[in-house]
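Text of target.txt, listed as compact mmCIF, C-alpha atoms:
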# COMPACT_ATOMS: atom_id res chain seq x y z
CA MET A 8 4.77 5.50 37.75
CA LYS A 9 2.49 8.06 39.43
CA ALA A 10 -1.20 7.78 38.72
CA ASN A 11 -1.63 11.52 38.15
CA LYS A 12 1.33 11.83 35.85
CA LEU A 13 1.92 9.50 32.93
CA GLU A 14 5.07 10.20 30.97
CA TYR A 15 5.33 9.69 27.24
CA PRO A 16 6.98 6.39 26.32
CA LEU A 17 10.62 6.24 25.27
CA SER A 18 9.54 5.64 21.66
CA PHE A 19 8.05 9.16 21.59
CA LYS A 20 11.35 10.71 22.62
CA VAL A 21 13.17 8.62 20.00
CA PHE A 22 10.61 9.70 17.39
CA ALA A 23 10.93 13.40 18.25
CA ILE A 24 14.74 13.41 18.31
CA THR A 25 15.02 11.43 15.06
CA LEU A 26 12.56 13.71 13.29
CA LEU A 27 14.43 16.81 14.47
CA VAL A 28 17.77 15.37 13.32
CA LEU A 29 16.38 14.49 9.87
CA ILE A 30 14.87 17.96 9.41
CA CYS A 31 17.98 19.83 10.59
CA GLY A 32 20.35 17.53 8.74
CA GLY A 33 18.21 17.88 5.64
CA MET A 34 18.54 21.66 5.83
CA LEU A 35 22.33 21.42 5.77
CA ILE A 36 22.42 18.90 2.93
CA LEU A 37 19.97 20.93 0.84
CA PHE A 38 21.96 24.12 1.46
CA SER A 39 25.06 22.51 -0.02
CA ALA A 40 23.31 20.61 -2.82
CA SER A 41 21.27 23.55 -4.13
CA THR A 42 23.78 26.43 -4.34
CA ARG A 43 25.05 25.83 -7.87
CA VAL A 44 21.72 25.09 -9.53
CA SER A 45 20.05 27.88 -7.57
CA PHE A 46 22.62 30.39 -8.82
CA ASN A 47 22.26 29.06 -12.37
CA ILE A 48 18.46 29.43 -12.38
CA GLU A 49 17.76 32.31 -9.97
CA GLY A 50 21.07 34.19 -9.97
CA ASN A 51 21.18 33.71 -6.19
CA ALA A 52 23.04 30.74 -4.72
CA ASN A 53 20.86 30.78 -1.60
CA SER A 54 17.48 31.18 -3.34
CA PHE A 55 16.41 27.52 -3.16
CA PHE A 56 17.58 27.21 0.44
CA GLU A 57 15.68 30.35 1.43
CA SER A 58 12.57 28.97 -0.25
CA HIS A 59 13.00 25.73 1.71
CA ILE A 60 13.26 27.64 4.99
CA LYS A 61 10.06 29.56 4.21
CA TYR A 62 8.22 26.32 3.49
CA LEU A 63 9.68 24.79 6.63
CA VAL A 64 8.41 27.65 8.80
CA LEU A 65 4.95 27.40 7.18
CA SER A 66 4.99 23.61 7.57
CA ILE A 67 5.86 23.85 11.26
CA LEU A 68 2.97 26.28 11.78
CA ILE A 69 0.57 23.93 10.00
CA CYS A 70 1.96 21.04 12.04
CA PHE A 71 1.20 23.02 15.21
CA VAL A 72 -2.34 23.83 14.02
CA PHE A 73 -3.11 20.15 13.38
CA TYR A 74 -1.57 19.29 16.74
CA LEU A 75 -4.13 21.57 18.41
CA ILE A 76 -7.11 20.07 16.54
CA ASP A 77 -8.70 16.92 17.93
CA TYR A 78 -7.83 14.41 15.22
CA ARG A 79 -11.19 12.64 15.64
CA LYS A 80 -12.89 15.62 14.01
CA LEU A 81 -11.02 14.82 10.79
CA LYS A 82 -13.05 11.64 10.37
CA ASN A 83 -16.20 13.72 9.94
CA ALA A 84 -14.39 15.92 7.40
CA THR A 85 -13.30 13.00 5.19
CA TRP A 86 -15.79 13.71 2.42
CA PHE A 87 -14.86 17.39 2.49
CA PHE A 88 -11.23 16.46 1.86
CA LEU A 89 -12.26 14.05 -0.91
CA LEU A 90 -14.44 16.64 -2.68
CA ILE A 91 -11.84 19.42 -2.45
CA THR A 92 -9.08 17.12 -3.70
CA ALA A 93 -11.20 15.78 -6.55
CA ALA A 94 -12.18 19.33 -7.51
CA MET A 95 -8.53 20.44 -7.62
CA LEU A 96 -7.64 17.47 -9.80
CA ALA A 97 -10.64 17.98 -12.09
CA ILE A 98 -9.93 21.68 -12.58
CA THR A 99 -6.30 20.94 -13.41
CA LEU A 100 -7.14 18.13 -15.86
CA ILE A 101 -9.92 20.09 -17.58
CA HIS A 102 -7.58 23.03 -18.06
CA LYS A 103 -4.79 20.75 -19.30
CA TYR A 104 -6.79 18.90 -21.94
CA SER A 105 -9.05 21.78 -23.01
CA ALA A 106 -6.02 24.01 -23.56
CA GLY A 107 -4.09 21.23 -25.28
CA ILE A 108 -1.19 21.40 -22.82
CA SER A 109 1.23 18.58 -23.60
CA SER A 110 3.61 19.14 -20.68
CA PRO A 111 2.84 17.64 -17.23
CA THR A 112 0.50 19.65 -15.00
CA ARG A 113 1.36 18.21 -11.61
CA TRP A 114 0.62 21.34 -9.63
CA PHE A 115 -2.60 23.05 -8.68
CA ALA A 116 -2.16 26.56 -10.01
CA ILE A 117 -4.11 29.79 -9.68
CA GLY A 118 -3.32 32.71 -11.96
CA GLY A 119 -0.36 30.87 -13.42
CA ARG A 120 1.23 30.44 -9.98
CA ASN A 121 1.89 26.90 -8.76
CA LEU A 122 0.51 26.42 -5.26
CA PHE A 123 0.47 22.73 -4.34
CA GLN A 124 1.79 19.52 -5.83
CA LEU A 125 -1.35 17.48 -6.49
CA ALA A 126 0.11 14.07 -5.65
CA GLU A 127 0.95 15.24 -2.13
CA ILE A 128 -2.56 16.60 -1.61
CA VAL A 129 -3.95 13.24 -2.73
CA LYS A 130 -1.58 11.45 -0.33
CA PHE A 131 -2.92 13.49 2.59
CA THR A 132 -6.54 12.90 1.58
CA LEU A 133 -6.01 9.19 0.97
CA ILE A 134 -4.43 8.66 4.38
CA ILE A 135 -7.33 10.40 6.17
CA TYR A 136 -9.94 8.65 4.01
CA LEU A 137 -8.43 5.18 4.28
CA SER A 138 -7.97 5.53 8.04
CA GLY A 139 -11.57 6.59 8.50
CA TYR A 140 -12.87 3.86 6.20
CA VAL A 141 -11.04 0.97 7.86
CA ALA A 142 -12.12 2.28 11.27
CA ASN A 143 -15.78 2.31 10.19
CA HIS A 144 -15.68 -0.96 8.22
CA LYS A 145 -13.50 -3.16 10.41
CA GLU A 146 -16.06 -5.96 10.38
CA THR A 147 -16.78 -5.88 6.63
CA LEU A 148 -13.34 -5.04 5.20
CA GLY A 149 -12.72 -8.71 4.51
CA GLN A 150 -15.77 -8.78 2.21
CA PHE A 151 -15.50 -7.66 -1.40
CA ARG A 152 -18.70 -5.79 -2.27
CA LYS A 153 -19.33 -4.24 1.14
CA GLY A 154 -15.73 -3.82 2.19
CA LEU A 155 -12.88 -3.66 -0.31
CA LEU A 156 -14.64 -2.61 -3.53
CA PRO A 157 -16.02 0.80 -2.41
CA VAL A 158 -12.73 1.99 -0.93
CA MET A 159 -10.73 0.80 -3.93
CA ILE A 160 -13.06 2.57 -6.37
CA ILE A 161 -12.72 5.93 -4.63
CA SER A 162 -8.98 5.53 -4.10
CA SER A 163 -8.44 4.42 -7.71
CA VAL A 164 -10.31 7.44 -9.08
CA LEU A 165 -7.95 9.81 -7.29
CA ILE A 166 -4.90 7.75 -8.29
CA LEU A 167 -6.04 7.59 -11.93
CA MET A 168 -6.46 11.37 -12.01
CA ILE A 169 -2.89 11.74 -10.72
CA ALA A 170 -1.69 9.38 -13.46
CA LEU A 171 -3.43 11.57 -16.06
CA THR A 172 -1.68 14.77 -14.98
CA PRO A 173 0.62 12.80 -15.79
CA ASP A 174 2.56 11.73 -12.68
CA PHE A 175 2.92 7.98 -13.06
CA SER A 176 5.52 7.44 -10.32
CA SER A 177 3.38 9.20 -7.74
CA ALA A 178 0.29 7.29 -8.87
CA VAL A 179 2.06 3.95 -8.35
CA SER A 180 3.38 5.10 -4.98
CA LEU A 181 -0.08 6.17 -3.84
CA TYR A 182 -1.51 2.81 -4.87
CA VAL A 183 1.20 0.99 -2.91
CA ILE A 184 0.41 3.07 0.19
CA ALA A 185 -3.32 2.37 -0.17
CA ALA A 186 -2.80 -1.36 -0.76
CA VAL A 187 -0.44 -1.77 2.21
CA VAL A 188 -2.78 0.15 4.54
CA LEU A 189 -5.76 -1.99 3.49
CA TYR A 190 -3.74 -5.20 3.79
CA ILE A 191 -2.52 -4.35 7.29
CA SER A 192 -6.07 -3.37 8.25
CA GLY A 193 -7.48 -6.79 7.38
CA ALA A 194 -8.46 -6.77 3.71
CA SER A 195 -8.54 -10.15 1.97
CA LYS A 196 -5.14 -11.10 0.55
CA LEU A 197 -6.76 -12.81 -2.44
CA GLN A 198 -9.08 -9.93 -3.25
CA LEU A 199 -6.42 -7.27 -2.78
CA GLY A 200 -3.93 -9.33 -4.77
CA SER A 201 -6.39 -9.73 -7.64
CA ILE A 202 -7.08 -6.00 -7.78
CA SER A 203 -3.35 -5.30 -7.62
CA MET A 204 -2.76 -7.63 -10.58
CA VAL A 205 -5.32 -5.67 -12.60
CA PHE A 206 -3.62 -2.45 -11.55
CA ALA A 207 -0.21 -3.85 -12.51
CA VAL A 208 -1.45 -4.83 -16.00
CA ALA A 209 -3.04 -1.38 -16.49
CA ALA A 210 0.13 0.33 -15.25
CA SER A 211 2.29 -1.76 -17.61
CA ALA A 212 0.08 -0.79 -20.55
CA PHE A 213 0.24 2.85 -19.47
CA VAL A 214 4.05 2.68 -19.48
CA TRP A 215 4.31 0.75 -22.75
CA PHE A 216 2.12 3.15 -24.71
CA SER A 217 4.00 6.16 -23.34
CA PRO A 218 7.23 6.47 -25.36
CA TYR A 219 8.95 8.54 -22.68
CA ARG A 220 8.24 6.08 -19.87
CA ARG A 221 8.89 3.04 -22.05
CA ALA A 222 12.29 4.47 -22.98
CA ARG A 223 13.14 4.97 -19.30
CA ILE A 224 12.24 1.39 -18.40
CA LEU A 225 14.14 -0.04 -21.38
CA ALA A 226 17.13 2.14 -20.56
CA PHE A 227 17.08 0.91 -16.97
CA LEU A 228 17.06 -2.69 -18.19
CA ASN A 229 20.06 -1.83 -20.36
CA PRO A 230 22.54 -0.13 -17.98
CA GLU A 231 25.09 0.43 -20.76
CA ASP A 232 22.71 2.87 -22.42
CA ILE A 233 23.45 6.25 -20.80
CA THR A 234 20.54 8.05 -22.50
CA ASN A 235 17.24 8.92 -20.80
CA GLY A 236 17.18 8.17 -17.07
CA ASN A 237 20.42 6.21 -17.16
CA TYR A 238 22.46 9.38 -17.56
CA GLN A 239 21.20 10.60 -14.20
CA ILE A 240 21.79 7.22 -12.61
CA ARG A 241 25.32 7.07 -14.04
CA GLN A 242 26.13 10.53 -12.67
CA SER A 243 24.52 9.57 -9.37
CA MET A 244 26.75 6.51 -9.09
CA ILE A 245 29.81 8.62 -9.89
CA SER A 246 28.92 11.00 -7.07
CA LEU A 247 28.26 8.22 -4.57
CA SER A 248 31.41 6.30 -5.41
CA GLY A 249 33.46 9.50 -5.24
CA GLY A 250 32.44 10.00 -1.63
CA GLY A 251 33.85 6.74 -0.33
CA PHE A 252 33.29 6.00 3.35
CA PHE A 253 33.85 9.49 4.75
CA GLY A 254 33.07 11.81 1.80
CA ARG A 255 34.90 14.63 0.09
CA GLY A 256 33.84 17.07 2.77
CA PHE A 257 30.78 19.29 3.22
CA GLY A 258 30.32 21.55 0.19
CA ASN A 259 32.91 19.74 -1.95
CA SER A 260 30.61 17.81 -4.28
CA THR A 261 31.41 17.94 -7.98
CA GLY A 262 28.15 16.32 -9.03
CA LYS A 263 26.08 19.28 -7.84
CA ASN A 264 27.95 21.54 -10.30
CA LEU A 265 25.31 20.78 -12.96
CA PHE A 266 26.79 17.35 -13.77
CA LEU A 267 23.99 15.57 -11.89
CA PRO A 268 20.53 16.85 -12.87
CA GLU A 269 18.05 17.44 -10.03
CA ALA A 270 20.85 17.26 -7.47
CA HIS A 271 18.75 19.25 -4.98
CA THR A 272 15.59 17.14 -5.33
CA ASP A 273 15.52 13.63 -6.82
CA PHE A 274 19.25 12.94 -6.35
CA ILE A 275 20.07 14.83 -3.18
CA PHE A 276 20.92 11.52 -1.52
CA SER A 277 23.78 11.13 -4.02
CA ILE A 278 25.17 14.55 -3.13
CA ALA A 279 24.99 13.63 0.55
CA GLY A 280 26.94 10.47 -0.24
CA GLU A 281 29.59 12.34 -2.19
CA GLU A 282 30.15 15.02 0.45
CA LEU A 283 29.55 13.09 3.66
CA GLY A 284 30.31 9.51 2.63
CA PHE A 285 28.78 6.06 2.88
CA ILE A 286 28.66 6.11 6.67
CA THR A 287 26.53 9.27 6.80
CA THR A 288 24.13 8.12 4.07
CA SER A 289 23.73 4.83 5.95
CA LEU A 290 22.90 6.83 9.07
CA ILE A 291 20.31 8.82 7.09
CA LEU A 292 18.56 5.62 6.05
CA LEU A 293 18.89 4.29 9.59
CA GLY A 294 17.20 7.49 10.78
CA PHE A 295 14.17 6.78 8.58
CA VAL A 296 14.05 3.20 9.86
CA ILE A 297 14.19 4.40 13.47
CA LEU A 298 11.47 6.97 12.76
CA PHE A 299 9.29 4.25 11.23
CA ILE A 300 9.79 1.78 14.08
CA SER A 301 9.23 4.42 16.78
CA MET A 302 5.94 5.46 15.12
CA LEU A 303 4.83 1.83 14.96
CA ARG A 304 5.61 1.45 18.65
CA LEU A 305 3.62 4.59 19.41
CA ALA A 306 0.71 3.22 17.40
CA ARG A 307 0.58 0.26 19.79
CA HIS A 308 -0.46 2.66 22.57
CA VAL A 309 -3.40 3.96 20.50
CA GLU A 310 -6.72 2.17 20.98
CA ASP A 311 -8.71 4.12 18.37
CA PRO A 312 -8.46 2.36 14.95
CA PHE A 313 -8.71 5.70 13.14
CA GLY A 314 -5.72 7.18 14.96
CA LYS A 315 -3.75 3.93 14.83
CA THR A 316 -4.16 3.73 11.04
CA ILE A 317 -3.15 7.37 10.53
CA LEU A 318 0.02 6.75 12.52
CA PHE A 319 0.90 3.65 10.50
CA SER A 320 0.00 5.25 7.14
CA THR A 321 2.11 8.32 7.85
CA ALA A 322 5.07 6.24 9.01
CA PHE A 323 4.86 3.93 5.99
CA SER A 324 4.51 6.76 3.46
CA ILE A 325 7.62 8.51 4.84
CA ILE A 326 9.89 5.47 4.83
CA PHE A 327 8.53 4.28 1.47
CA TYR A 328 9.41 7.55 -0.27
CA ALA A 329 12.81 7.62 1.43
CA LEU A 330 13.73 4.08 0.37
CA ILE A 331 12.49 4.56 -3.20
CA ASN A 332 14.55 7.74 -3.53
CA ALA A 333 17.65 5.99 -2.19
CA ALA A 334 17.05 2.96 -4.45
CA VAL A 335 16.97 5.19 -7.54
CA CYS A 336 20.16 6.99 -6.48
CA VAL A 337 22.08 3.73 -6.08
CA GLY A 338 20.81 2.41 -9.41
CA ILE A 339 18.50 -0.40 -8.33
CA GLY A 340 15.37 1.30 -9.64
CA PRO A 341 14.38 3.46 -12.64
CA VAL A 342 14.24 7.23 -12.21
CA THR A 343 10.95 8.10 -10.51
CA GLY A 344 11.15 11.76 -9.57
CA LEU A 345 10.14 11.07 -5.96
CA PRO A 346 11.95 13.35 -3.45
CA MET A 347 13.43 12.23 -0.14
CA PRO A 348 11.27 13.36 2.80
CA PHE A 349 12.63 16.26 4.91
CA ILE A 350 15.81 16.44 2.82
CA SER A 351 14.97 17.14 -0.84
CA LYS A 352 13.68 20.53 -1.93
CA SER A 353 9.97 19.80 -2.15
CA GLY A 354 7.83 22.39 -0.41
CA THR A 355 4.49 20.64 -0.77
CA GLN A 356 5.85 17.30 0.43
CA LEU A 357 7.41 18.98 3.46
CA LEU A 358 4.13 20.75 4.21
CA ILE A 359 2.02 17.58 3.88
CA ASN A 360 4.43 15.41 5.86
CA LEU A 361 4.55 17.87 8.75
CA ALA A 362 0.76 18.31 8.61
CA LEU A 363 0.46 14.53 9.01
CA ILE A 364 3.07 14.61 11.78
CA GLY A 365 0.97 17.27 13.54
CA ILE A 366 -2.06 14.96 13.36
CA CYS A 367 0.07 12.10 14.71
CA LEU A 368 1.22 14.27 17.61
CA ASN A 369 -2.40 15.01 18.47
CA ILE A 370 -3.20 11.30 18.31
CA MET A 371 -0.37 10.62 20.75
CA LYS A 372 -1.61 13.42 23.03
CA GLN A 373 -5.22 12.19 23.00
CA SER A 374 -4.09 8.62 23.61
CA GLN A 375 -1.89 9.78 26.46
CA HIS A 376 -4.79 11.66 28.03
CA ALA A 377 -6.96 8.56 27.81
CA LEU A 378 -4.26 6.44 29.45
CA GLN A 379 -3.77 9.08 32.14
CA LYS A 380 -7.49 9.14 32.98
CA GLN A 381 -7.49 5.36 33.15
CA ALA A 382 -4.47 5.41 35.46
CA GLU A 383 -6.11 8.02 37.73
CA PHE A 384 -9.30 5.96 37.89
CA LEU A 385 -7.40 2.83 38.86
CA HIS A 386 -5.42 4.82 41.40
CA GLU A 387 -8.63 6.04 43.04
CA LEU A 388 -9.89 2.48 43.25

What do you get writing this file as structure tokens?
Amino acid sequence: MKANKLEYPLSFKVFAITLLVLICGGMLILFSASTRVSFNIEGNANSFFESHIKYLVLSILICFVFYLIDYRKLKNATWFFLLITAAMLAITLIHKYSAGISSPTRWFAIGGRNLFQLAEIVKFTLIIYLSGYVANHKETLGQFRKGLLPVMIISSVLILMIALTPDFSSAVSLYVIAAVVLYISGASKLQLGSISMVFAVAASAFVWFSPYRRARILAFLNPEDITNGNYQIRQSMISLSGGGFFGRGFGNSTGKNLFLPEAHTDFIFSIAGEELGFITTSLILLGFVILFISMLRLARHVEDPFGKTILFSTAFSIIFYALINAAVCVGIGPVTGLPMPFISKSGTQLLINLALIGICLNIMKQSQHALQKQAEFLHEL
């Protein structure tokens, strides 16, 4: 290896190719899965796909912007992100409860126009905040009052506000991401476990006293009951089983013809299974695993704890959402409403994921520059 030229590791090439395949493959799957419902709602079979392409172009631009920004500057902007996110949540909740709105308000809206899904904004902010916190409190994170308690209070406030919108599935997912990041970063197992038990009890009470969520959980525990979420799961299983190993062929799904609700978002994995078969859906999941492992390998080349934690948090959040979505589609989890990254129609999630990817690319670039300077110095010696 030349001292003045240090190539990116193989894991970077694997990461880039896998990400590109998932994004391009997701475009094709969404195009097929969304035509019927798009025509039914918008009167244009390509409307949802066109919307996805617009979000994708915007997301790529934002990814490029974050790639150009030195990621270390984000650590100084952590409180700005926290205040803006908290303000968006507070405005939404105040409007919801003051106006007596009973339906979920999961989007930040201006003038009646939905702009951003709040849970995804919180995910972005939490990842930046947690990464900065563990980098600054590496020595005290194992302590309760000086380490774990402050970060859990701030994180829990944002998560609680998401739960009140209400978006319970996203709130639980955000807590899991936060807990895993803190655990990997060195938080006490006992302390984190105790807090998680309190969270689990509070979450159980939240579900039990919410008739809609309680009905979903009870229905899931009773698979013979096809009401509530089980109807979607039953239709999802019909679609998946109908695809067999090789699928019915691209565009030939019957489930997407309004038999399977949310076929273009929550259950797009089932449509992929019906049209492309078990082998292709297995490859999709393998793609997320490869993406996750390649990002972990890249994180090993990063010395800065802030950048290393952002890389891990982003990788974990992507594979976690992908596996939860797949688990729901195959019937081993209750309906959550969490989309599959890069594949489901979810503009805000696509935007946030690619923004985080842009930050990760900058981390890799900065780390590579540092390694290159070190190599040049050693070469001169």

Name the residues in contact with segment 210-216 of chain A at a cut-off of 12 Å, using only C-alpha atoms, excluding same-chain residues fewer than 4 positions from it; report them as an MDAnalysis selection string. chainID A and resid 166:167 170:171 173:176 178:180 182 203:206 220:225

Using 12 Å as the limit and counting all atoms listed in the file, can you tabulate each residue of segment 12-49 of chain A that touches segment 286-293 of chain A, with its shortest atom-to-atom distance in Å and the two atoms involved, as a Markdown table?
| residue | atom | partner | partner_atom | distance |
| --- | --- | --- | --- | --- |
| A:Thr25 | CA | A:Leu293 | CA | 9.8 |
| A:Leu26 | CA | A:Ile291 | CA | 11.1 |
| A:Val28 | CA | A:Ile291 | CA | 9.4 |
| A:Leu29 | CA | A:Ile291 | CA | 7.4 |
| A:Ile30 | CA | A:Ile291 | CA | 10.9 |
| A:Cys31 | CA | A:Ile291 | CA | 11.8 |
| A:Gly32 | CA | A:Ile291 | CA | 8.9 |
| A:Gly33 | CA | A:Ile291 | CA | 9.4 |
| A:Ile36 | CA | A:Thr288 | CA | 11.0 |

Minimum-distance residue to Ile135 of chain A, chosen among A:Asn47, A:Thr42, A:Asn332, A:Thr316 (using all atoms listed in the file):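 Among A:Asn47, A:Thr42, A:Asn332, A:Thr316, it is A:Thr316 that comes nearest to Ile135 of chain A.
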
Counting all atoms listed in the file, figure out which residue out of A:Lys20, A:Thr85, A:Ile128, A:Met34 gets nearest to Leu63 of chain A.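 Closest residue, counting all atoms listed in the file: A:Met34.
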
What does the structure give for the distance between atom CA of Lys145 of chain A and atom CA of Phe73 of chain A, in Å to one decimal? 25.7 Å

Within 9 Å of (13.3, 10.8, -13.2) in the file's own coordinates, which protein, DNA or RNA residues have an atom, counting all atoms listed in the file? List them as a PyMOL selection string. chain A and resi 176+223+235-236+239+269+273+335+341-345

Atomic distance atom CA of Val72 of chain A - atom CA of Leu137 of chain A, expressed in Å with one decimal: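 According to the coordinates, atom CA of Val72 of chain A and atom CA of Leu137 of chain A are separated by 21.9 Å.
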
Dump as a list in words all residues having an atom at most 9 Å from (-14.2, -8.2, 0.2), computed in the file's coordinates with all atoms listed in the file. Thr147, Leu148, Gly149, Gln150, Phe151, Arg152, Lys153, Gly154, Leu155, Leu156, Ala194, Ser195, Gln198 and Leu199 of chain A

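Of the listed residues A:Tyr15, A:Phe38, A:Phe115, A:Tyr328, the one whose atoms come nearest to Asn360 of chain A is A:Tyr328, with distances taken using only C-alpha atoms.
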
List the neighbours of Tyr62 of chain A out to 12 Å using only C-alpha atoms; skip same-chain residues closer than 5 positions along the sequence, and give me the result as a list in words. Met34, Phe55, Phe56, Glu57, Ile67, Leu68, Ile69, Cys70, Leu122, Phe123, Phe349, Lys352, Ser353, Gly354, Thr355, Gln356, Leu357, Leu358, Ile359, Asn360 and Leu361 of chain A

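With distances restricted to all atoms listed in the file, A:Ile240 is the closest residue to Phe227 of chain A from A:Val158, A:Ile240, A:Val187, A:Ala97.
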
Find, counting only C-alpha atoms, the residue in A:Leu100, A:Leu330, A:Leu318, A:Val183 that gets nearest to Ile370 of chain A. A:Leu318

Atom CA of Phe285 of chain A to atom CA of Ile300 of chain A: how many Å, to one decimal?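 Taking atom CA of Phe285 of chain A and atom CA of Ile300 of chain A, their separation equals 22.5 Å.
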
For a quick check of understanding, using only C-alpha atoms, which of A:Asn121, A:Leu65, A:Ala84, A:Ser320 has the smallest distance to Ala186 of chain A? A:Ser320

Near Ile326 of chain A, within 8 Å and counting only C-alpha atoms, which residues show up once chain neighbours fewer than 6 positions away are dropped, as a VMD selection string? chain A and resid 295 to 296 299

12 Å contact set for Lys315 of chain A, all atoms listed in the file, chain neighbours under 4 positions out, as a VMD selection string: chain A and resid 78 to 79 134 to 135 137 to 139 141 to 142 188 191 to 192 302 to 311 319 to 322 366 to 371 373 to 374

Output segment 18-39 of chain A as a PDB file, keeping the file's coordinate frame, making sure N, CA and C atoms are there.
ATOM      1  N   SER A  18       9.659   5.599  23.120  1.00  0.00           N
ATOM      2  CA  SER A  18       9.540   5.640  21.660  1.00  0.00           C
ATOM      3  C   SER A  18       9.146   7.030  21.173  1.00  0.00           C
ATOM      4  N   PHE A  19       8.411   7.797  21.996  1.00  0.00           N
ATOM      5  CA  PHE A  19       8.050   9.160  21.590  1.00  0.00           C
ATOM      6  C   PHE A  19       9.279  10.056  21.572  1.00  0.00           C
ATOM      7  N   LYS A  20      10.128   9.912  22.575  1.00  0.00           N
ATOM      8  CA  LYS A  20      11.350  10.710  22.620  1.00  0.00           C
ATOM      9  C   LYS A  20      12.272  10.356  21.451  1.00  0.00           C
ATOM     10  N   VAL A  21      12.355   9.070  21.137  1.00  0.00           N
ATOM     11  CA  VAL A  21      13.170   8.620  20.000  1.00  0.00           C
ATOM     12  C   VAL A  21      12.599   9.199  18.701  1.00  0.00           C
ATOM     13  N   PHE A  22      11.284   9.144  18.566  1.00  0.00           N
ATOM     14  CA  PHE A  22      10.610   9.700  17.390  1.00  0.00           C
ATOM     15  C   PHE A  22      10.907  11.184  17.238  1.00  0.00           C
ATOM     16  N   ALA A  23      10.741  11.950  18.312  1.00  0.00           N
ATOM     17  CA  ALA A  23      10.930  13.400  18.250  1.00  0.00           C
ATOM     18  C   ALA A  23      12.373  13.770  17.917  1.00  0.00           C
ATOM     19  N   ILE A  24      13.324  13.105  18.558  1.00  0.00           N
ATOM     20  CA  ILE A  24      14.740  13.410  18.310  1.00  0.00           C
ATOM     21  C   ILE A  24      15.131  13.044  16.885  1.00  0.00           C
ATOM     22  N   THR A  25      14.685  11.880  16.420  1.00  0.00           N
ATOM     23  CA  THR A  25      15.020  11.430  15.060  1.00  0.00           C
ATOM     24  C   THR A  25      14.439  12.372  14.020  1.00  0.00           C
ATOM     25  N   LEU A  26      13.190  12.785  14.221  1.00  0.00           N
ATOM     26  CA  LEU A  26      12.560  13.710  13.290  1.00  0.00           C
ATOM     27  C   LEU A  26      13.313  15.034  13.240  1.00  0.00           C
ATOM     28  N   LEU A  27      13.690  15.542  14.401  1.00  0.00           N
ATOM     29  CA  LEU A  27      14.430  16.810  14.470  1.00  0.00           C
ATOM     30  C   LEU A  27      15.779  16.687  13.763  1.00  0.00           C
ATOM     31  N   VAL A  28      16.468  15.581  13.958  1.00  0.00           N
ATOM     32  CA  VAL A  28      17.770  15.370  13.320  1.00  0.00           C
ATOM     33  C   VAL A  28      17.623  15.305  11.803  1.00  0.00           C
ATOM     34  N   LEU A  29      16.595  14.597  11.316  1.00  0.00           N
ATOM     35  CA  LEU A  29      16.380  14.490   9.870  1.00  0.00           C
ATOM     36  C   LEU A  29      16.064  15.859   9.255  1.00  0.00           C
ATOM     37  N   ILE A  30      15.237  16.647   9.932  1.00  0.00           N
ATOM     38  CA  ILE A  30      14.870  17.960   9.410  1.00  0.00           C
ATOM     39  C   ILE A  30      16.081  18.897   9.399  1.00  0.00           C
ATOM     40  N   CYS A  31      16.810  18.944  10.506  1.00  0.00           N
ATOM     41  CA  CYS A  31      17.980  19.830  10.590  1.00  0.00           C
ATOM     42  C   CYS A  31      19.100  19.368   9.673  1.00  0.00           C
ATOM     43  N   GLY A  32      19.343  18.068   9.648  1.00  0.00           N
ATOM     44  CA  GLY A  32      20.350  17.530   8.740  1.00  0.00           C
ATOM     45  C   GLY A  32      19.974  17.767   7.295  1.00  0.00           C
ATOM     46  N   GLY A  33      18.682  17.633   6.999  1.00  0.00           N
ATOM     47  CA  GLY A  33      18.210  17.880   5.640  1.00  0.00           C
ATOM     48  C   GLY A  33      18.437  19.316   5.206  1.00  0.00           C
ATOM     49  N   MET A  34      18.276  20.251   6.134  1.00  0.00           N
ATOM     50  CA  MET A  34      18.540  21.660   5.830  1.00  0.00           C
ATOM     51  C   MET A  34      19.976  21.864   5.380  1.00  0.00           C
ATOM     52  N   LEU A  35      20.918  21.257   6.103  1.00  0.00           N
ATOM     53  CA  LEU A  35      22.330  21.420   5.770  1.00  0.00           C
ATOM     54  C   LEU A  35      22.665  20.783   4.424  1.00  0.00           C
ATOM     55  N   ILE A  36      22.141  19.593   4.194  1.00  0.00           N
ATOM     56  CA  ILE A  36      22.420  18.900   2.930  1.00  0.00           C
ATOM     57  C   ILE A  36      21.833  19.676   1.758  1.00  0.00           C
ATOM     58  N   LEU A  37      20.599  20.163   1.921  1.00  0.00           N
ATOM     59  CA  LEU A  37      19.970  20.930   0.840  1.00  0.00           C
ATOM     60  C   LEU A  37      20.726  22.221   0.572  1.00  0.00           C
ATOM     61  N   PHE A  38      21.196  22.876   1.632  1.00  0.00           N
ATOM     62  CA  PHE A  38      21.960  24.120   1.460  1.00  0.00           C
ATOM     63  C   PHE A  38      23.159  23.883   0.551  1.00  0.00           C
ATOM     64  N   SER A  39      23.874  22.802   0.789  1.00  0.00           N
ATOM     65  CA  SER A  39      25.060  22.510  -0.020  1.00  0.00           C
ATOM     66  C   SER A  39      24.677  22.063  -1.427  1.00  0.00           C
TER      67      SER A  39
END
